[in-house]
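Q: Sharing target39.txt below, compact mmCIF, C-alpha atoms:
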```txt
# COMPACT_ATOMS: atom_id res chain seq x y z
CA MET A 1 0.00 0.00 0.00
CA GLU A 2 1.17 3.53 -0.77
CA ASN A 3 2.61 5.10 2.35
CA PRO A 4 2.25 8.88 2.70
CA SER A 5 3.92 8.86 6.07
CA PRO A 6 7.67 9.27 5.49
CA ALA A 7 9.18 12.61 6.38
CA ILE A 8 8.17 15.32 3.94
CA SER A 9 10.12 18.51 3.39
CA SER A 10 8.89 21.44 5.44
CA ASP A 11 8.54 23.43 2.23
CA SER A 12 5.84 21.04 0.97
CA VAL A 13 2.44 22.71 0.76
CA VAL A 14 0.94 19.81 2.72
CA ILE A 15 2.85 18.02 5.49
CA ALA A 16 1.72 14.53 6.45
CA ALA A 17 3.26 12.63 9.35
CA VAL A 18 2.32 9.67 11.53
CA HIS A 19 2.68 9.74 15.31
CA GLY A 20 1.80 6.30 16.63
CA PRO A 21 -1.91 5.75 15.85
CA ILE A 22 -2.40 9.38 14.80
CA GLY A 23 -2.04 10.72 11.29
CA HIS A 24 -1.41 14.48 11.25
CA ILE A 25 -1.96 16.58 8.13
CA GLN A 26 -0.88 20.22 8.12
CA LEU A 27 -1.66 22.87 5.54
CA ASN A 28 1.72 24.49 5.00
CA ARG A 29 1.28 27.70 3.06
CA ALA A 30 1.21 30.09 5.98
CA SER A 31 2.54 33.08 4.02
CA LYS A 32 -0.58 32.81 1.83
CA LEU A 33 -2.91 32.11 4.76
CA ASN A 34 -2.90 28.44 3.68
CA ALA A 35 -4.97 29.35 0.61
CA LEU A 36 -5.75 26.20 -1.33
CA THR A 37 -4.21 25.25 -4.66
CA LEU A 38 -4.90 22.24 -6.85
CA GLN A 39 -1.64 20.71 -5.64
CA MET A 40 -2.78 20.99 -2.02
CA LEU A 41 -6.21 19.55 -2.75
CA THR A 42 -4.73 16.63 -4.64
CA GLU A 43 -2.24 15.84 -1.89
CA LEU A 44 -4.86 16.09 0.84
CA SER A 45 -7.08 13.66 -1.05
CA ARG A 46 -4.21 11.24 -1.62
CA VAL A 47 -3.14 11.18 2.01
CA LEU A 48 -6.64 10.90 3.42
CA ARG A 49 -7.54 8.01 1.13
CA ALA A 50 -4.35 6.17 2.02
CA TRP A 51 -4.85 6.66 5.73
CA ALA A 52 -8.48 5.56 5.53
CA ALA A 53 -7.22 2.15 4.38
CA ASP A 54 -4.28 1.95 6.82
CA PRO A 55 -5.21 -0.17 9.88
CA ALA A 56 -2.32 1.29 11.87
CA ILE A 57 -3.96 4.72 11.89
CA SER A 58 -7.00 5.11 14.11
CA LEU A 59 -7.26 8.91 14.27
CA VAL A 60 -6.54 11.76 11.83
CA LEU A 61 -5.85 15.40 12.72
CA LEU A 62 -6.09 18.26 10.21
CA THR A 63 -4.54 21.63 11.12
CA GLY A 64 -3.10 24.69 9.41
CA ARG A 65 0.38 26.04 10.05
CA GLY A 66 0.97 29.65 11.05
CA GLU A 67 -0.77 31.82 13.61
CA ARG A 68 -2.91 33.83 11.22
CA ALA A 69 -5.07 31.22 9.48
CA PHE A 70 -6.25 27.66 9.30
CA CYS A 71 -7.20 28.28 5.66
CA ALA A 72 -8.40 31.48 4.01
CA GLY A 73 -10.08 29.56 1.18
CA GLY A 74 -9.12 29.02 -2.42
CA ASP A 75 -6.29 30.95 -4.02
CA ILE A 76 -8.23 33.95 -5.33
CA ALA A 77 -5.40 35.11 -7.58
CA ASP A 78 -5.47 31.75 -9.36
CA PHE A 79 -9.23 32.03 -9.81
CA HIS A 80 -8.88 35.50 -11.30
CA ALA A 81 -6.21 34.32 -13.71
CA ALA A 82 -8.39 31.41 -14.82
CA VAL A 83 -11.54 33.42 -15.54
CA THR A 84 -9.70 36.26 -17.27
CA THR A 85 -7.68 34.03 -19.62
CA GLY A 86 -10.42 31.69 -20.78
CA ARG A 87 -9.39 28.79 -18.52
CA HIS A 88 -12.83 28.37 -17.03
CA GLN A 89 -12.66 24.58 -17.28
CA ASP A 90 -9.49 24.57 -15.17
CA PHE A 91 -11.38 26.49 -12.50
CA ALA A 92 -14.31 24.07 -12.72
CA ASP A 93 -11.99 21.07 -12.49
CA LEU A 94 -10.33 22.48 -9.39
CA LEU A 95 -13.70 23.06 -7.76
CA SER A 96 -14.79 19.52 -8.59
CA THR A 97 -11.62 18.16 -6.95
CA GLU A 98 -12.20 20.38 -3.91
CA PHE A 99 -15.84 19.38 -3.51
CA GLU A 100 -14.95 15.68 -3.72
CA LEU A 101 -12.39 16.24 -0.97
CA ASP A 102 -14.97 18.00 1.19
CA TYR A 103 -17.37 15.09 0.73
CA LEU A 104 -14.60 12.60 1.54
CA ILE A 105 -13.97 14.48 4.78
CA SER A 106 -17.67 14.46 5.66
CA ALA A 107 -17.92 10.69 5.22
CA TYR A 108 -14.47 9.77 6.54
CA PRO A 109 -14.52 6.25 8.02
CA LYS A 110 -12.26 7.14 10.96
CA PRO A 111 -12.42 9.98 13.49
CA LEU A 112 -11.02 12.95 11.59
CA ILE A 113 -10.48 16.00 13.78
CA SER A 114 -10.26 19.44 12.20
CA LEU A 115 -8.93 22.36 14.23
CA ALA A 116 -9.90 25.76 12.85
CA HIS A 117 -8.04 28.83 14.08
CA GLY A 118 -7.49 32.32 12.76
CA ILE A 119 -8.94 33.04 9.33
CA THR A 120 -11.14 30.15 8.21
CA MET A 121 -13.12 31.24 5.16
CA GLY A 122 -14.66 29.71 2.05
CA GLY A 123 -12.65 26.64 1.17
CA GLY A 124 -11.30 26.56 4.71
CA ILE A 125 -14.86 26.01 5.90
CA GLY A 126 -15.10 23.08 3.49
CA LEU A 127 -12.13 21.40 5.17
CA ALA A 128 -12.97 22.32 8.76
CA SER A 129 -16.74 22.21 9.07
CA HIS A 130 -17.56 18.86 7.45
CA ALA A 131 -15.16 16.78 9.55
CA PRO A 132 -16.50 14.14 11.96
CA VAL A 133 -15.00 16.13 14.88
CA ARG A 134 -14.93 19.90 14.35
CA LEU A 135 -12.88 21.94 16.82
CA VAL A 136 -12.43 25.71 16.72
CA THR A 137 -10.61 28.31 18.78
CA PRO A 138 -12.71 31.15 20.24
CA ASN A 139 -11.16 33.92 18.17
CA ALA A 140 -11.24 32.21 14.79
CA ALA A 141 -12.73 34.37 12.03
CA MET A 142 -15.10 32.21 9.99
CA GLY A 143 -17.50 32.83 7.14
CA MET A 144 -18.53 32.52 3.53
CA PRO A 145 -17.50 35.87 1.97
CA GLU A 146 -18.28 35.00 -1.66
CA ALA A 147 -21.02 37.59 -2.25
CA LYS A 148 -18.33 40.28 -1.92
CA ILE A 149 -16.48 38.98 -4.97
CA GLY A 150 -19.23 38.01 -7.40
CA TYR A 151 -19.35 34.34 -6.44
CA THR A 152 -21.59 32.22 -4.20
CA PRO A 153 -21.06 30.07 -1.08
CA ASP A 154 -19.69 26.68 -2.11
CA VAL A 155 -17.74 23.74 -0.57
CA GLY A 156 -21.00 22.67 1.05
CA GLY A 157 -21.38 26.08 2.65
CA SER A 158 -24.98 26.38 1.49
CA HIS A 159 -25.75 23.11 3.31
CA LEU A 160 -24.14 24.36 6.53
CA LEU A 161 -25.86 27.73 6.29
CA ALA A 162 -29.20 26.08 5.62
CA ASN A 163 -28.89 24.22 8.90
CA ALA A 164 -28.04 27.26 11.01
CA PRO A 165 -30.84 28.32 13.38
CA GLY A 166 -33.67 30.34 11.90
CA HIS A 167 -32.57 32.38 8.91
CA PHE A 168 -28.99 33.07 9.94
CA GLY A 169 -28.07 31.11 6.79
CA GLU A 170 -29.57 33.61 4.38
CA TYR A 171 -28.12 36.46 6.42
CA TYR A 172 -24.55 35.20 6.34
CA ALA A 173 -24.80 34.04 2.71
CA MET A 174 -26.10 37.37 1.42
CA SER A 175 -24.16 39.70 3.73
CA ALA A 176 -20.83 37.80 3.46
CA GLN A 177 -20.25 38.68 7.12
CA SER A 178 -17.88 36.66 9.27
CA PHE A 179 -18.45 35.23 12.74
CA THR A 180 -16.16 34.13 15.53
CA GLY A 181 -15.16 30.64 16.53
CA ALA A 182 -17.12 31.18 19.73
CA ASP A 183 -20.25 31.61 17.56
CA ALA A 184 -19.49 28.60 15.35
CA VAL A 185 -21.17 25.95 17.49
CA LEU A 186 -24.44 27.88 17.66
CA LEU A 187 -24.36 28.27 13.87
CA GLY A 188 -23.51 24.62 13.25
CA PHE A 189 -20.02 25.13 11.84
CA ALA A 190 -18.20 23.45 14.75
CA ASP A 191 -18.81 20.95 17.51
CA VAL A 192 -16.55 22.24 20.28
CA VAL A 193 -14.85 25.53 21.08
CA VAL A 194 -11.48 24.68 22.61
CA THR A 195 -8.99 26.67 24.64
CA GLU A 196 -6.00 28.25 22.92
CA GLU A 197 -3.71 26.23 25.18
CA PHE A 198 -5.25 22.95 24.02
CA ALA A 199 -5.10 24.05 20.39
CA ALA A 200 -1.39 24.85 20.71
CA ASN A 201 -0.63 21.43 22.16
CA ILE A 202 -3.33 19.30 20.56
CA LEU A 203 -1.05 16.64 19.12
CA ASP A 204 0.32 15.89 22.60
CA GLU A 205 -3.21 15.42 23.94
CA LEU A 206 -4.79 13.19 21.31
CA GLU A 207 -3.24 9.78 21.78
CA GLU A 208 -5.47 9.06 24.77
CA PHE A 209 -8.49 9.43 22.48
CA ALA A 210 -7.30 6.84 19.94
CA GLY A 211 -9.83 4.03 19.73
CA LEU A 212 -12.83 6.20 20.58
CA ASN A 213 -15.46 7.08 17.99
CA ALA A 214 -16.00 10.63 16.75
CA GLY A 215 -18.87 11.40 19.13
CA GLU A 216 -16.94 10.14 22.13
CA ILE A 217 -13.89 12.19 21.17
CA ALA A 218 -15.90 15.39 20.77
CA ALA A 219 -17.62 14.86 24.12
CA ALA A 220 -14.36 14.13 25.93
CA ILE A 221 -12.58 17.14 24.45
CA GLU A 222 -15.48 19.41 25.36
CA VAL A 223 -15.40 18.24 28.98
CA MET A 224 -11.63 18.38 29.34
CA HIS A 225 -10.63 21.28 27.10
CA GLY A 226 -13.77 23.17 26.11
CA ALA A 227 -13.95 26.97 26.09
CA PRO A 228 -17.19 28.95 26.43
CA GLU A 229 -19.44 29.20 23.42
CA SER A 230 -21.08 32.51 22.55
CA PHE A 231 -24.83 32.97 22.36
CA ALA A 232 -24.65 36.69 21.58
CA LEU A 233 -26.05 36.10 18.10
CA GLU A 234 -29.36 35.08 19.64
CA MET A 235 -29.88 38.77 20.40
CA ASP A 236 -30.01 39.43 16.64
CA ARG A 237 -32.21 36.54 15.69
CA GLY A 238 -35.46 38.53 15.84
CA TRP A 239 -34.63 41.09 13.17
CA ILE A 240 -32.61 38.60 11.11
CA ASP A 241 -35.46 36.09 11.00
CA HIS A 242 -37.96 38.81 10.13
CA ALA A 243 -35.94 40.18 7.23
CA PHE A 244 -34.31 37.04 5.86
CA SER A 245 -37.40 34.82 6.02
CA ALA A 246 -38.77 36.86 3.12
CA GLY A 247 -39.86 35.04 0.00
CA SER A 248 -37.34 36.65 -2.35
CA PRO A 249 -34.00 38.47 -2.23
CA GLN A 250 -35.74 41.71 -3.22
CA GLU A 251 -38.18 41.36 -0.33
CA VAL A 252 -35.25 40.87 2.06
CA ILE A 253 -33.93 44.26 0.97
CA GLU A 254 -37.38 45.81 1.33
CA ARG A 255 -37.84 44.49 4.86
CA LEU A 256 -34.40 45.67 5.95
CA GLY A 257 -35.19 49.11 4.56
CA GLN A 258 -38.33 49.31 6.67
CA MET A 259 -36.60 48.39 9.93
CA VAL A 260 -35.24 50.89 12.44
CA HIS A 261 -32.98 48.42 14.28
CA PRO A 262 -29.39 49.73 13.89
CA ALA A 263 -28.07 46.23 13.08
CA ALA A 264 -30.70 45.85 10.35
CA GLN A 265 -29.65 49.17 8.87
CA ARG A 266 -26.01 48.04 8.87
CA ALA A 267 -27.05 44.81 7.16
CA ALA A 268 -28.86 46.81 4.48
CA GLN A 269 -25.63 48.73 3.84
CA LEU A 270 -23.66 45.49 3.55
CA LEU A 271 -26.10 44.03 1.06
CA ALA A 272 -26.09 47.23 -0.98
CA ALA A 273 -22.34 46.80 -1.54
CA ASN A 274 -22.40 43.12 -2.46
CA CYS A 275 -22.92 41.53 -5.87
CA PRO A 276 -26.67 41.33 -6.64
CA THR A 277 -26.39 38.16 -8.72
CA SER A 278 -24.27 36.50 -6.02
CA MET A 279 -26.73 37.40 -3.27
CA ALA A 280 -29.63 36.01 -5.25
CA SER A 281 -27.73 32.81 -6.03
CA ALA A 282 -26.83 32.41 -2.36
CA PHE A 283 -30.43 32.99 -1.29
CA TYR A 284 -31.86 30.36 -3.67
CA ASN A 285 -29.13 27.82 -2.92
CA VAL A 286 -29.56 28.07 0.84
CA ARG A 287 -33.32 27.68 0.47
CA ALA A 288 -32.92 24.62 -1.76
CA ALA A 289 -30.34 23.07 0.58
CA ARG A 290 -32.68 23.51 3.53
CA VAL A 291 -35.38 21.52 1.75
CA GLU A 292 -33.11 18.69 0.59
CA GLN A 293 -30.89 18.28 3.66
CA ASP A 294 -28.21 16.49 1.65
CA LEU A 295 -24.57 17.57 1.39
CA ARG A 296 -24.00 15.76 -1.90
CA SER A 297 -26.93 17.56 -3.52
CA ALA A 298 -25.73 20.88 -2.13
CA LEU A 299 -22.25 20.36 -3.59
CA ASP A 300 -23.71 19.47 -6.98
CA ARG A 301 -25.91 22.57 -6.88
CA GLU A 302 -22.98 24.76 -5.92
CA LEU A 303 -20.92 23.42 -8.81
CA ARG A 304 -23.76 24.21 -11.24
CA SER A 305 -23.90 27.74 -9.82
CA ALA A 306 -20.13 28.11 -10.05
CA ARG A 307 -20.10 27.10 -13.71
CA TYR A 308 -22.70 29.78 -14.38
CA LEU A 309 -21.10 32.55 -12.32
CA MET A 310 -17.55 32.03 -13.54
CA HIS A 311 -18.64 33.02 -17.05
CA ARG A 312 -20.18 36.27 -15.84
CA PRO A 313 -18.16 39.49 -15.47
CA ASP A 314 -18.87 39.92 -11.76
CA LEU A 315 -16.39 37.31 -10.49
CA ALA A 316 -13.36 38.85 -12.21
CA GLU A 317 -14.54 42.34 -11.26
CA GLY A 318 -15.15 41.42 -7.64
CA ILE A 319 -11.72 39.84 -7.23
CA ARG A 320 -10.14 42.85 -8.90
CA ALA A 321 -11.88 45.28 -6.57
CA GLN A 322 -11.43 43.33 -3.34
CA VAL A 323 -8.11 41.54 -3.79
CA ILE A 324 -6.03 42.90 -6.67
CA ASP A 325 -6.58 46.67 -6.93
CA LYS A 326 -8.30 46.79 -3.51
CA ASP A 327 -10.31 49.88 -4.42
CA ARG A 328 -13.37 48.20 -2.85
CA ASN A 329 -15.50 49.69 -5.61
CA PRO A 330 -16.71 46.90 -7.88
CA ALA A 331 -18.97 47.68 -10.82
CA TRP A 332 -21.55 44.90 -10.70
CA ILE A 333 -23.48 43.86 -13.81
CA PRO A 334 -26.37 44.13 -13.19
CA ALA A 335 -26.12 46.62 -10.35
CA SER A 336 -29.61 45.98 -8.98
CA LEU A 337 -31.36 42.89 -7.65
CA ASP A 338 -34.37 43.84 -9.76
CA ASP A 339 -32.32 43.28 -12.93
CA VAL A 340 -30.83 39.91 -11.94
CA ASP A 341 -31.86 36.86 -13.97
CA HIS A 342 -33.73 35.25 -11.10
CA ALA A 343 -35.30 32.60 -13.32
CA ALA A 344 -31.87 31.30 -14.33
CA LEU A 345 -30.66 31.22 -10.72
CA ARG A 346 -33.79 29.45 -9.50
CA SER A 347 -33.35 26.87 -12.25
CA LEU A 348 -29.77 26.28 -11.23
CA ALA A 349 -30.83 25.82 -7.64
CA ALA A 350 -33.56 23.38 -8.68
CA GLY A 351 -31.28 21.47 -11.03
CA SER A 352 -33.51 22.18 -14.00
CA GLU A 353 -31.27 24.54 -15.96
CA GLY A 354 -31.31 23.99 -19.66
```
Can the structure from this file be put into structure tokens for me?

A:
Amino acid sequence: MENPSPAISSDSVVIAAVHGPIGHIQLNRASKLNALTLQMLTELSRVLRAWAADPAISLVLLTGRGERAFCAGGDIADFHAAVTTGRHQDFADLLSTEFELDYLISAYPKPLISLAHGITMGGGIGLASHAPVRLVTPNAAMGMPEAKIGYTPDVGGSHLLANAPGHFGEYYAMSAQSFTGADAVLLGFADVVVTEEFAANILDELEEFAGLNAGEIAAAIEVMHGAPESFALEMDRGWIDHAFSAGSPQEVIERLGQMVHPAAQRAAQLLAANCPTSMASAFYNVRAARVEQDLRSALDRELRSARYLMHRPDLAEGIRAQVIDKDRNPAWIPASLDDVDHAALRSLAAGSEG
């Protein structure tokens, strides 16, 4: 059997090592906030599949090197290069590889523990929040920021958002706001908030959990090393549920505009700056995911949406404005939710596009 365990150079983008019964995978692109490349995705898939079949390994740990981020998502510069040079299929192929990895993680046959810290966005959510045991540090910055760049929540993000309490899912999908690790359990993106001390020394602590199942490991870590969760978001649930339970993206905007709550007014400002087509896509995808309750279907829907959005001008323009030129002034086409092709987006969400 292929053995991914021998020592790997510290300049590898993914470091895999075995410590007794524990397999430890580290994202090793700290200078780029561990942003994912095709090479990283391919290596992660290879190692995880090999370890799934290795009887000597009973527990797998996935972490990110560097203090700033577990994983900031996909490499946005690569995405921009692909969609501006006609290499859309390369982008689609990378996404397909990434989504298959996320699904592999969700169905992993052994306890796979993810530890999210620092920036954990987009593709980082796909790695961290589908694992059988999902740990997070209190100050992690998590979210699905795609509506800011002309894209839509993917990597199973629509499925996770759909299962958040009330209509937090539509709020975070359309606003592209982030939340803390302390909020992640309430929102369904993590199982346990752990102390910074435990996170820093996690490998030294795990061997005693080898042989337990995922549920037992999560419960034991929570008892022994858990940090307080936050329930502060519950204070916002009233206005969020009122606005984001609306029947259409346009009605969400209308309801926010009628509300005097300061947080609702701030949300209206956020939505006004984001890509209209992206917000509508996110809205329809979260609604569809909530009905189906199936990660595989959500990933397939997200890939359909990605193939549509990558051929539109908004994705390249959003990345330009937010990441490359950083003028924070994207010119969205169309600029209004009223002018978005809602029928096309609803068809994509329903799987009936033609």

Q: Suppose you want the space between CA of Gly156 in chain A and CA of Ser352 in chain A; what is it in Å?

A: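 Between these atoms lies a distance of 19.6 Å.
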
Q: Fewer than 4 positions away in the same chain doesn't count, so skip those; otherwise give me all residues within 8 Å of Asn274 in chain A, counting all atoms listed in the file, as number ranges by chain.

A: A: 147-150, 174-175, 270, 278-279

Q: Within 8 Å of (4.7, 28.0, 4.5) in the file's own coordinates, which protein, DNA or RNA residues have an atom, counting all atoms listed in the file? List them as a ChimeraX atom specification.

A: /A:10-13,28-32,34,65-66

Q: May I have the residues from that selection written out with C-alpha atoms, as a compact mmCIF listing (two decimals), in the frame of the given file?

A:
```txt
# COMPACT_ATOMS: atom_id res chain seq x y z
CA SER A 10 8.89 21.44 5.44
CA ASP A 11 8.54 23.43 2.23
CA SER A 12 5.84 21.04 0.97
CA VAL A 13 2.44 22.71 0.76
CA ASN A 28 1.72 24.49 5.00
CA ARG A 29 1.28 27.70 3.06
CA ALA A 30 1.21 30.09 5.98
CA SER A 31 2.54 33.08 4.02
CA LYS A 32 -0.58 32.81 1.83
CA ASN A 34 -2.90 28.44 3.68
CA ARG A 65 0.38 26.04 10.05
CA GLY A 66 0.97 29.65 11.05
```

Q: I need every residue sitting at most 12 Å from the point (-17.4, 37.5, 9.3) (coordinates as in the file, only C-alpha atoms considered), written as a list in words.

A: Gly118, Ile119, Thr120, Met121, Gly122, Asn139, Ala140, Ala141, Met142, Gly143, Met144, Pro145, Glu146, Lys148, Tyr171, Tyr172, Ala173, Met174, Ser175, Ala176, Gln177, Ser178, Phe179, Thr180, Gly181, Asp183, Ala184 and Leu270 of chain A

Q: Take the residues that were just selected and, keeping C-alpha atoms, output them as a PDB file, keeping the file's coordinate frame.

A:
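For reference, again-v3.pdb as written:
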```pdb
ATOM      1  CA  GLY A 118      -7.490  32.320  12.760  1.00  0.00           C
ATOM      2  CA  ILE A 119      -8.940  33.040   9.330  1.00  0.00           C
ATOM      3  CA  THR A 120     -11.140  30.150   8.210  1.00  0.00           C
ATOM      4  CA  MET A 121     -13.120  31.240   5.160  1.00  0.00           C
ATOM      5  CA  GLY A 122     -14.660  29.710   2.050  1.00  0.00           C
ATOM      6  CA  ASN A 139     -11.160  33.920  18.170  1.00  0.00           C
ATOM      7  CA  ALA A 140     -11.240  32.210  14.790  1.00  0.00           C
ATOM      8  CA  ALA A 141     -12.730  34.370  12.030  1.00  0.00           C
ATOM      9  CA  MET A 142     -15.100  32.210   9.990  1.00  0.00           C
ATOM     10  CA  GLY A 143     -17.500  32.830   7.140  1.00  0.00           C
ATOM     11  CA  MET A 144     -18.530  32.520   3.530  1.00  0.00           C
ATOM     12  CA  PRO A 145     -17.500  35.870   1.970  1.00  0.00           C
ATOM     13  CA  GLU A 146     -18.280  35.000  -1.660  1.00  0.00           C
ATOM     14  CA  LYS A 148     -18.330  40.280  -1.920  1.00  0.00           C
ATOM     15  CA  TYR A 171     -28.120  36.460   6.420  1.00  0.00           C
ATOM     16  CA  TYR A 172     -24.550  35.200   6.340  1.00  0.00           C
ATOM     17  CA  ALA A 173     -24.800  34.040   2.710  1.00  0.00           C
ATOM     18  CA  MET A 174     -26.100  37.370   1.420  1.00  0.00           C
ATOM     19  CA  SER A 175     -24.160  39.700   3.730  1.00  0.00           C
ATOM     20  CA  ALA A 176     -20.830  37.800   3.460  1.00  0.00           C
ATOM     21  CA  GLN A 177     -20.250  38.680   7.120  1.00  0.00           C
ATOM     22  CA  SER A 178     -17.880  36.660   9.270  1.00  0.00           C
ATOM     23  CA  PHE A 179     -18.450  35.230  12.740  1.00  0.00           C
ATOM     24  CA  THR A 180     -16.160  34.130  15.530  1.00  0.00           C
ATOM     25  CA  GLY A 181     -15.160  30.640  16.530  1.00  0.00           C
ATOM     26  CA  ASP A 183     -20.250  31.610  17.560  1.00  0.00           C
ATOM     27  CA  ALA A 184     -19.490  28.600  15.350  1.00  0.00           C
ATOM     28  CA  LEU A 270     -23.660  45.490   3.550  1.00  0.00           C
TER      29      LEU A 270
END
```

Q: Starting from 6 Å padding per side, set up an axis-aligned box that covers all listed atoms of range 55-60 of chain A and hand over centre and edge lengths in Å, one decimal, as AutoDock Vina command-line options.

A:
```
--center_x -4.8 --center_y 5.8 --center_z 12.1 --size_x 16.9 --size_y 23.9 --size_z 16.4
```

Q: Would you mind listing what lies within 8 Å of range 296-303 of chain A as number ranges by chain, with all atoms listed in the file counted and same-chain residues fewer than 2 positions away left out?

A: A: 92, 95-96, 99, 103, 152-156, 158-159, 285, 289, 292, 294, 305-307, 348-351

Q: Looking at A:Glu234, A:Glu317, A:Asp241, A:Glu170, which one is nearest to His80 in chain A, with distances taken over all atoms listed in the file?

A: A:Glu317

Q: Restricting the calculation to all atoms listed in the file: of A:Phe70, A:Leu256, A:Glu222, A:Val83, which residue gets closest to Gln269 in chain A?

A: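 Counting all atoms listed in the file, the residue closest to Gln269 in chain A is A:Leu256.
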
Q: Using all atoms listed in the file, which residue out of A:Tyr108, A:Trp51, A:Phe283, A:Tyr151 lies closest to Pro313 in chain A?

A: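 Between A:Tyr108, A:Trp51, A:Phe283, A:Tyr151, the residue approaching Pro313 in chain A most closely is A:Tyr151.
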
Q: Would you kindly return, as number ranges by chain, each protein, DNA or RNA residue with an atom no farther than 9 Å from any atom of Gly74 in chain A, considering all atoms listed in the file and excluding same-chain residues fewer than 4 positions away?

A: A: 34-37, 78-79, 121-124

Q: Please indicate the distance in Å from CA of Thr63 in chain A to CA of Thr97 in chain A, rounded to one decimal place.

A: 19.7 Å

Q: With all atoms listed in the file as the atoms that count, which of A:Ile253, A:Ala16, A:Ala282, A:Ala116 lies nearest to Ala162 in chain A?

A: A:Ala282

Q: For a quick check of understanding, using only C-alpha atoms, which of A:Leu160, A:Leu337, A:Ile25, A:Ala220 has the smallest distance to Ala280 in chain A?

A: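 Among A:Leu160, A:Leu337, A:Ile25, A:Ala220, it is A:Leu337 that comes nearest to Ala280 in chain A.
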
Q: Smallest atom-to-atom distance to Ile15 in chain A: which of A:Met235, A:Leu27, A:Val136, A:Leu38, using only C-alpha atoms?

A: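 Between A:Met235, A:Leu27, A:Val136, A:Leu38, the residue approaching Ile15 in chain A most closely is A:Leu27.
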
Q: List the neighbours of Asp102 in chain A out to 7 Å using all atoms listed in the file; skip same-chain residues closer than 5 positions along the sequence, and give me the result as an NGL selection string.

A: :A and (126-127 or 130 or 155)
